[in-house]
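The file upload-v1.tsv contains TSV, C-alpha atoms and all ligand atoms:
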chain	number	residue	atom	x	y	z
A	1	MET	CA	-23.76	-2.99	-4.04
A	2	ALA	CA	-20.31	-1.54	-4.66
A	3	GLY	CA	-17.41	-3.47	-3.20
A	4	ARG	CA	-14.94	-2.31	-0.58
A	5	PHE	CA	-11.40	-1.20	-1.25
A	6	VAL	CA	-8.88	-2.11	1.45
A	7	THR	CA	-5.20	-1.18	1.26
A	8	PHE	CA	-2.18	-2.38	3.25
A	9	GLU	CA	0.75	-0.14	4.01
A	10	GLY	CA	3.94	0.01	6.01
A	11	ILE	CA	7.70	0.11	5.63
A	12	ASP	CA	9.45	-2.85	4.00
A	13	GLY	CA	9.74	-5.70	6.49
A	14	ALA	CA	6.70	-4.73	8.58
A	15	GLY	CA	5.12	-8.05	7.59
A	16	LYS	CA	1.90	-7.07	5.81
A	17	SER	CA	1.93	-9.74	3.09
A	18	SER	CA	1.00	-12.76	5.20
A	19	HIS	CA	-1.86	-10.81	6.74
A	20	ILE	CA	-3.32	-9.99	3.34
A	21	GLU	CA	-3.42	-13.72	2.53
A	22	ALA	CA	-5.07	-14.52	5.84
A	23	LEU	CA	-7.68	-11.79	5.46
A	24	ALA	CA	-8.50	-12.96	1.94
A	25	GLY	CA	-9.11	-16.44	3.32
A	26	TRP	CA	-11.34	-15.08	6.07
A	27	LEU	CA	-13.44	-13.05	3.60
A	28	ARG	CA	-13.75	-15.90	1.12
A	29	GLY	CA	-14.86	-18.13	3.95
A	30	ARG	CA	-17.75	-15.73	4.41
A	31	GLY	CA	-18.68	-16.05	0.75
A	32	HIS	CA	-17.21	-12.82	-0.61
A	33	GLU	CA	-15.42	-12.41	-3.90
A	34	VAL	CA	-11.92	-11.15	-3.11
A	35	VAL	CA	-9.44	-9.63	-5.55
A	36	MET	CA	-5.90	-9.61	-4.19
A	37	THR	CA	-3.61	-7.22	-5.97
A	38	ARG	CA	-0.58	-5.01	-5.41
A	39	GLU	CA	1.23	-1.80	-6.35
A	40	PRO	CA	3.23	-1.04	-8.25
A	41	GLY	CA	1.60	-3.74	-10.35
A	42	GLY	CA	-1.71	-5.53	-10.64
A	43	THR	CA	-2.01	-5.44	-14.46
A	44	ALA	CA	0.35	-6.70	-17.16
A	45	LEU	CA	1.44	-3.14	-17.97
A	46	ALA	CA	1.81	-2.09	-14.34
A	47	GLU	CA	3.84	-5.20	-13.50
A	48	ARG	CA	6.31	-4.18	-16.21
A	49	VAL	CA	6.52	-0.73	-14.66
A	50	ARG	CA	7.11	-2.40	-11.28
A	51	GLU	CA	10.20	-4.15	-12.63
A	52	LEU	CA	11.62	-0.80	-13.73
A	53	VAL	CA	10.78	1.03	-10.52
A	54	LEU	CA	12.21	-1.66	-8.26
A	55	HIS	CA	15.41	-2.29	-10.19
A	56	GLU	CA	16.46	0.50	-12.59
A	57	PRO	CA	18.28	3.63	-11.45
A	58	MET	CA	16.16	6.78	-11.89
A	59	ASP	CA	15.48	10.09	-10.20
A	60	ALA	CA	12.71	10.63	-7.67
A	61	LEU	CA	10.30	12.42	-10.01
A	62	THR	CA	10.63	9.73	-12.69
A	63	GLU	CA	9.97	7.11	-10.03
A	64	CYS	CA	6.92	9.03	-8.86
A	65	LEU	CA	5.46	9.49	-12.35
A	66	LEU	CA	5.95	5.80	-13.09
A	67	VAL	CA	4.16	4.61	-9.94
A	68	PHE	CA	1.24	6.92	-10.71
A	69	ALA	CA	1.15	5.80	-14.38
A	70	ALA	CA	1.04	2.19	-13.20
A	71	ARG	CA	-1.70	3.15	-10.71
A	72	ARG	CA	-3.82	4.69	-13.44
A	73	ASP	CA	-3.77	1.47	-15.47
A	74	HIS	CA	-4.37	-0.62	-12.35
A	75	LEU	CA	-7.40	1.44	-11.33
A	76	ARG	CA	-9.00	1.38	-14.77
A	77	ALA	CA	-8.34	-2.23	-15.67
A	78	CYS	CA	-8.53	-4.00	-12.32
A	79	ILE	CA	-9.66	-2.10	-9.22
A	80	GLU	CA	-12.64	-0.12	-10.55
A	81	PRO	CA	-14.24	-3.05	-12.42
A	82	ALA	CA	-13.83	-5.29	-9.35
A	83	LEU	CA	-15.45	-2.72	-7.05
A	84	GLU	CA	-18.28	-2.18	-9.52
A	85	ARG	CA	-19.19	-5.85	-9.50
A	86	GLY	CA	-19.17	-5.87	-5.68
A	87	ALA	CA	-15.85	-7.60	-4.98
A	88	THR	CA	-13.63	-6.74	-2.03
A	89	VAL	CA	-10.28	-5.48	-3.32
A	90	LEU	CA	-7.27	-6.13	-1.07
A	91	CYS	CA	-4.38	-4.08	-2.41
A	92	ASP	CA	-0.82	-4.44	-1.13
A	93	ARG	CA	0.18	-0.74	-1.12
A	94	PHE	CA	-1.50	2.18	-2.86
A	95	THR	CA	-1.11	5.98	-2.95
A	96	ASP	CA	-0.17	6.31	0.71
A	97	ALA	CA	3.04	4.51	-0.30
A	98	SER	CA	3.77	7.29	-2.80
A	99	PHE	CA	3.33	9.92	-0.08
A	100	ALA	CA	5.51	7.83	2.24
A	101	TYR	CA	8.31	6.72	-0.14
A	102	GLN	CA	8.45	9.40	-2.85
A	103	GLY	CA	7.31	12.16	-0.47
A	104	GLY	CA	8.85	11.24	2.89
A	105	GLY	CA	11.68	9.02	1.69
A	106	ARG	CA	12.78	10.87	-1.46
A	107	GLY	CA	11.65	14.35	-0.43
A	108	LEU	CA	9.23	15.14	-3.28
A	109	SER	CA	6.70	17.89	-2.66
A	110	VAL	CA	3.39	16.87	-1.14
A	111	ALA	CA	1.67	19.35	-3.46
A	112	VAL	CA	2.96	17.47	-6.53
A	113	LEU	CA	1.85	14.16	-5.06
A	114	ALA	CA	-1.58	15.53	-4.19
A	115	GLN	CA	-2.03	16.82	-7.75
A	116	LEU	CA	-1.14	13.43	-9.21
A	117	GLU	CA	-3.47	11.74	-6.73
A	118	THR	CA	-6.34	13.96	-7.90
A	119	TRP	CA	-5.67	13.39	-11.61
A	120	VAL	CA	-5.15	9.67	-11.39
A	121	GLN	CA	-7.80	8.69	-8.85
A	122	GLN	CA	-10.60	11.14	-9.64
A	123	GLY	CA	-11.95	10.87	-6.12
A	124	ARG	CA	-11.37	7.14	-5.59
A	125	GLN	CA	-9.85	6.45	-2.16
A	126	PRO	CA	-9.53	3.28	-0.12
A	127	ASP	CA	-12.40	2.59	2.28
A	128	LEU	CA	-9.98	1.20	4.82
A	129	THR	CA	-6.17	1.35	5.12
A	130	LEU	CA	-4.34	-0.96	7.49
A	131	TRP	CA	-0.99	0.59	8.32
A	132	PHE	CA	1.46	-1.98	9.67
A	133	ASP	CA	3.72	0.12	11.82
A	134	LEU	CA	7.10	-1.10	12.98
A	135	ALA	CA	10.33	0.61	14.02
A	136	PRO	CA	12.82	0.72	11.10
A	137	ALA	CA	15.50	-1.23	13.01
A	138	ALA	CA	13.09	-4.10	13.68
A	139	ALA	CA	11.90	-4.08	10.07
A	140	ALA	CA	15.51	-4.16	8.81
A	141	ALA	CA	16.20	-7.24	10.93
A	142	ARG	CA	13.15	-9.01	9.48
A	143	ARG	CA	14.14	-8.06	5.92
A	144	ALA	CA	17.69	-9.29	6.34
A	145	ALA	CA	16.34	-12.73	7.14
A	146	ALA	CA	13.92	-12.79	4.23
A	147	ARG	CA	15.17	-11.77	0.77
A	148	ALA	CA	17.58	-9.98	-1.57
A	149	PRO	CA	16.94	-6.22	-1.32
A	150	ASP	CA	15.47	-4.10	-4.15
A	151	ARG	CA	16.17	-0.34	-4.70
A	152	PHE	CA	13.97	0.64	-1.76
A	153	GLU	CA	15.03	-2.08	0.63
A	154	ARG	CA	18.68	-1.02	0.24
A	155	GLN	CA	17.94	2.40	1.75
A	156	ASP	CA	19.29	3.25	5.20
A	157	GLU	CA	17.42	3.54	8.47
A	158	ALA	CA	17.05	7.34	8.16
A	159	PHE	CA	15.16	6.83	4.87
A	160	PHE	CA	12.73	4.43	6.56
A	161	GLU	CA	12.32	6.82	9.50
A	162	ARG	CA	11.16	9.45	7.00
A	163	VAL	CA	8.85	6.95	5.27
A	164	ARG	CA	7.35	5.98	8.61
A	165	ALA	CA	6.85	9.62	9.61
A	166	ALA	CA	5.09	10.31	6.31
A	167	TYR	CA	2.73	7.37	6.90
A	168	ALA	CA	2.01	8.80	10.35
A	169	ARG	CA	1.12	12.17	8.80
A	170	ARG	CA	-1.25	10.54	6.30
A	171	ALA	CA	-2.88	8.58	9.13
A	172	ASP	CA	-3.33	11.77	11.16
A	173	ASP	CA	-4.82	13.59	8.16
A	174	GLN	CA	-7.28	10.84	7.26
A	175	PRO	CA	-8.19	9.07	10.51
A	176	GLN	CA	-11.56	7.89	9.18
A	177	ARG	CA	-9.93	5.32	6.88
A	178	PHE	CA	-6.62	4.57	8.62
A	179	VAL	CA	-6.09	1.94	11.29
A	180	ARG	CA	-2.60	1.66	12.76
A	181	ILE	CA	-1.62	-1.94	13.44
A	182	ASP	CA	1.30	-2.32	15.84
A	183	SER	CA	3.45	-4.88	14.03
A	184	ALA	CA	6.03	-5.46	16.76
A	185	PRO	CA	4.23	-8.41	18.41
A	186	GLU	CA	4.40	-11.92	17.00
A	187	ARG	CA	2.38	-12.69	13.88
A	188	ALA	CA	-0.61	-14.36	15.57
A	189	ALA	CA	-1.19	-11.32	17.76
A	190	VAL	CA	-0.97	-8.96	14.79
A	191	GLN	CA	-3.48	-11.18	12.97
A	192	VAL	CA	-5.96	-10.73	15.81
A	193	ALA	CA	-5.58	-6.95	15.51
A	194	VAL	CA	-6.15	-7.11	11.74
A	195	LEU	CA	-9.37	-9.09	12.09
A	196	ALA	CA	-10.58	-6.82	14.88
A	197	ALA	CA	-10.06	-3.76	12.64
A	198	VAL	CA	-11.94	-5.41	9.79
A	199	GLU	CA	-14.82	-6.71	11.91
A	200	ALA	CA	-15.20	-3.29	13.52
A	201	ARG	CA	-16.25	-1.91	10.12
A	202	ALA	CA	-19.15	-4.40	9.93
A	203	TRP	CA	-19.06	-4.35	6.11
A	204	TRP	CA	-18.72	-8.07	5.60
S	1	LIG	P1	6.57	-4.37	-1.71
S	1	LIG	O1	5.15	-4.07	-2.03
S	1	LIG	O2	6.97	-4.24	-0.31
S	1	LIG	O3	6.85	-5.77	-2.34
S	1	LIG	P2	7.78	-6.93	-1.80
S	1	LIG	O4	7.08	-7.36	-0.55
S	1	LIG	O5	7.71	-7.89	-2.93
S	1	LIG	O6	9.12	-6.30	-1.59
S	1	LIG	O7	7.58	-3.49	-2.59
S	1	LIG	C1	7.25	-2.48	-3.38
S	1	LIG	C2	8.18	-1.33	-3.17
S	1	LIG	O8	7.71	-0.24	-3.93
S	1	LIG	C3	8.26	-0.87	-1.72
S	1	LIG	O9	9.61	-0.79	-1.32
S	1	LIG	C4	7.68	0.52	-1.73
S	1	LIG	C5	7.76	0.94	-3.16
S	1	LIG	N1	6.65	1.83	-3.57
S	1	LIG	C6	6.90	3.17	-3.74
S	1	LIG	O10	8.03	3.63	-3.54
S	1	LIG	N2	5.88	3.99	-4.12
S	1	LIG	C7	4.62	3.54	-4.36
S	1	LIG	O11	3.71	4.32	-4.70
S	1	LIG	C8	4.38	2.13	-4.19
S	1	LIG	C9	3.01	1.58	-4.43
S	1	LIG	C10	5.43	1.32	-3.79

As structure tokens - that is how I would like this structure written.
Amino acid sequence: MAGRFVTFEGIDGAGKSSHIEALAGWLRGRGHEVVMTREPGGTALAERVRELVLHEPMDALTECLLVFAARRDHLRACIEPALERGATVLCDRFTDASFAYQGGGRGLSVAVLAQLETWVQQGRQPDLTLWFDLAPAAAAARRAAARAPDRFERQDEAFFERVRAAYARRADDQPQRFVRIDSAPERAAVQVAVLAAVEARAWW
């Protein structure tokens, strides 16, 4: 049986990473093969692209083409083979991040993004997308405590408001795969919501 493809989204600082780890542990405990991966990245080539996208100055379209090029390699070399052998793929960000950051944040046309999505994914979409939603001011406070900012994390609150609004539009357009997780509560409470969303699918 084909595996399931689960993606994790949200603005920087919403706190998704620790929940991916916890969910992987929960699934492995039930005997499932889990592949944890991320975007941009997930293959040797795509990780090199990630370094460029996160740290080198470039215009919005270049940034967009690079994340989709990395995605193409990631799908072919990592995600598709894992799904074919029945693994659960947990991916930290995927194409919804391109609609949110390059579309909402940078202002690129949704039509361009949709065309790239079609070319690169050839119909592949996540089975489930957990969207960790948090107000930009709260996310900024969490980020400030955590790490040195990359090109995206240095953006202002208005940028993250646009990213958040673009995630909300994607969630409205594709409600069958999106689950919004309110990330304002403390971590343990968010964890409960994550497991509830996963168990509700009854796939595992
Ligand atoms: P992130 O996944 O949050 O990693 P970390 O937790 O190590 O900071 O960072 C990746 C950044 O890349 C994030 O700011 C969003 C951005 N991004 C895009 O702009 N477009 C995309 O398509 C993807 C996948 C990520």

Set the cut-off to 6 Å, count only C-alpha atoms and all ligand atoms, and list whatever residues fall near ligand LIG 1 (chain S) as a ChimeraX atom specification.
/A:12,39-40,67,93-95,97-98,101-102,152-153

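Ranking A:Ala46, A:Ala166, A:Ala69, A:Ala14 by their shortest atom-to-atom distance to Glu117 in chain A, with all atoms listed in the file included, puts A:Ala69 first.
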
Draw an axis-aligned box tight on the listed atoms of range 122-132 of chain A, then pad every side by 4 Å and write out centre and edge lengths in Å to one decimal as JSON.
{"center_x": -5.5, "center_y": 4.6, "center_z": 0.0, "size_x": 21.9, "size_y": 21.1, "size_z": 27.3}

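For the pair CA of Arg72 in chain A and CA of Ala24 in chain A, the separation is 23.9 Å.
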
Mind checking which residues fall within 6 Å of range 50-56 of chain A, counting only C-alpha atoms, ignoring those fewer than 5 positions away in the same chain, and posting them as a count of residues only?
4

Would you pull range 119-154 of chain A out of the block just shown and save N, CA, C and O atoms as a short mmCIF file (atom, residue, chain, number, x, y, z; two decimals), in the first residue's frame?
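The result, written out as selection.cif:
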data_model
loop_
_atom_site.label_atom_id
_atom_site.label_comp_id
_atom_site.auth_asym_id
_atom_site.auth_seq_id
_atom_site.Cartn_x
_atom_site.Cartn_y
_atom_site.Cartn_z
N TRP A 119 3.83 21.58 -13.03
CA TRP A 119 4.98 20.99 -13.71
C TRP A 119 5.79 20.09 -12.78
O TRP A 119 6.19 18.99 -13.14
N VAL A 120 6.04 20.61 -11.60
CA VAL A 120 6.99 19.93 -10.71
C VAL A 120 6.35 18.73 -10.01
O VAL A 120 7.00 17.70 -9.83
N GLN A 121 5.09 18.84 -9.67
CA GLN A 121 4.48 17.79 -8.84
C GLN A 121 3.68 16.75 -9.63
O GLN A 121 3.43 15.66 -9.13
N GLN A 122 3.27 17.11 -10.83
CA GLN A 122 2.54 16.17 -11.68
C GLN A 122 1.43 15.46 -10.91
O GLN A 122 1.30 14.24 -10.96
N GLY A 123 0.66 16.23 -10.17
CA GLY A 123 -0.49 15.69 -9.46
C GLY A 123 -0.22 15.29 -8.02
O GLY A 123 -1.16 15.07 -7.25
N ARG A 124 1.03 15.16 -7.64
CA ARG A 124 1.32 14.77 -6.24
C ARG A 124 0.96 15.91 -5.31
O ARG A 124 1.37 17.05 -5.52
N GLN A 125 0.18 15.62 -4.28
CA GLN A 125 -0.14 16.60 -3.24
C GLN A 125 -0.04 15.90 -1.89
O GLN A 125 -0.19 14.68 -1.81
N PRO A 126 0.20 16.66 -0.85
CA PRO A 126 0.17 16.04 0.49
C PRO A 126 -1.21 15.43 0.76
O PRO A 126 -2.23 15.93 0.28
N ASP A 127 -1.21 14.35 1.56
CA ASP A 127 -2.49 13.78 2.01
C ASP A 127 -3.05 14.60 3.17
O ASP A 127 -4.26 14.66 3.37
N LEU A 128 -2.15 15.16 3.94
CA LEU A 128 -2.55 15.92 5.13
C LEU A 128 -1.53 17.05 5.34
O LEU A 128 -0.32 16.82 5.24
N THR A 129 -2.03 18.24 5.63
CA THR A 129 -1.16 19.39 5.91
C THR A 129 -1.56 19.99 7.25
O THR A 129 -2.70 20.42 7.42
N LEU A 130 -0.62 19.96 8.18
CA LEU A 130 -0.87 20.58 9.48
C LEU A 130 -0.31 21.99 9.42
O LEU A 130 0.90 22.19 9.25
N TRP A 131 -1.20 22.95 9.56
CA TRP A 131 -0.80 24.37 9.48
C TRP A 131 -0.77 24.93 10.90
O TRP A 131 -1.81 25.06 11.54
N PHE A 132 0.44 25.20 11.37
CA PHE A 132 0.64 25.76 12.71
C PHE A 132 0.45 27.26 12.61
O PHE A 132 1.29 27.98 12.06
N ASP A 133 -0.66 27.72 13.14
CA ASP A 133 -1.03 29.12 12.96
C ASP A 133 -0.80 29.90 14.25
O ASP A 133 -1.26 29.50 15.33
N LEU A 134 -0.08 31.00 14.08
CA LEU A 134 0.27 31.84 15.23
C LEU A 134 0.37 33.28 14.75
O LEU A 134 0.84 33.54 13.63
N ALA A 135 -0.06 34.23 15.58
CA ALA A 135 0.04 35.64 15.22
C ALA A 135 1.51 36.01 15.03
O ALA A 135 2.38 35.57 15.79
N PRO A 136 1.82 36.83 14.00
CA PRO A 136 3.21 37.19 13.72
C PRO A 136 3.97 37.78 14.92
O PRO A 136 5.15 37.50 15.10
N ALA A 137 3.31 38.57 15.74
CA ALA A 137 4.02 39.17 16.89
C ALA A 137 4.47 38.08 17.87
O ALA A 137 5.60 38.12 18.39
N ALA A 138 3.62 37.10 18.10
CA ALA A 138 3.97 36.01 19.02
C ALA A 138 5.09 35.16 18.42
O ALA A 138 6.02 34.74 19.13
N ALA A 139 5.02 34.92 17.11
CA ALA A 139 6.06 34.13 16.45
C ALA A 139 7.40 34.86 16.50
O ALA A 139 8.45 34.25 16.72
N ALA A 140 7.38 36.18 16.33
CA ALA A 140 8.62 36.97 16.37
C ALA A 140 9.27 36.87 17.75
O ALA A 140 10.49 36.76 17.86
N ALA A 141 8.45 36.88 18.78
CA ALA A 141 8.99 36.78 20.15
C ALA A 141 9.64 35.42 20.35
O ALA A 141 10.73 35.32 20.93
N ARG A 142 9.02 34.36 19.84
CA ARG A 142 9.62 33.02 19.97
C ARG A 142 10.92 32.92 19.17
O ARG A 142 11.89 32.32 19.62
N ARG A 143 10.94 33.52 17.98
CA ARG A 143 12.16 33.46 17.15
C ARG A 143 13.31 34.19 17.80
O ARG A 143 14.45 33.74 17.76
N ALA A 144 13.00 35.33 18.40
CA ALA A 144 14.06 36.16 18.99
C ALA A 144 14.80 35.38 20.06
O ALA A 144 16.01 35.55 20.26
N ALA A 145 14.07 34.50 20.74
CA ALA A 145 14.68 33.72 21.81
C ALA A 145 15.49 32.55 21.27
O ALA A 145 16.31 31.96 21.98
N ALA A 146 15.28 32.18 20.00
CA ALA A 146 15.76 30.89 19.54
C ALA A 146 17.04 30.91 18.71
O ALA A 146 17.92 30.08 18.91
N ARG A 147 17.21 31.81 17.74
CA ARG A 147 18.30 31.62 16.78
C ARG A 147 18.63 32.88 15.99
O ARG A 147 17.87 33.83 15.96
N ALA A 148 19.77 32.83 15.30
CA ALA A 148 20.14 33.93 14.40
C ALA A 148 19.24 33.88 13.17
O ALA A 148 19.04 32.81 12.60
N PRO A 149 18.70 35.02 12.73
CA PRO A 149 17.72 35.00 11.64
C PRO A 149 18.33 34.79 10.26
O PRO A 149 19.42 35.28 9.97
N ASP A 150 17.63 34.05 9.38
CA ASP A 150 18.02 33.94 7.97
C ASP A 150 17.29 35.02 7.16
O ASP A 150 16.65 35.91 7.73
N ARG A 151 17.38 34.96 5.81
CA ARG A 151 16.78 36.00 4.96
C ARG A 151 15.28 36.17 5.20
O ARG A 151 14.74 37.25 5.05
N PHE A 152 14.59 35.07 5.51
CA PHE A 152 13.15 35.17 5.72
C PHE A 152 12.84 35.68 7.13
O PHE A 152 11.97 36.52 7.33
N GLU A 153 13.59 35.17 8.07
CA GLU A 153 13.29 35.52 9.47
C GLU A 153 13.58 36.99 9.77
O GLU A 153 13.10 37.51 10.78
N ARG A 154 14.36 37.64 8.89
CA ARG A 154 14.64 39.07 9.10
C ARG A 154 13.50 39.96 8.59
O ARG A 154 13.55 41.18 8.77
#
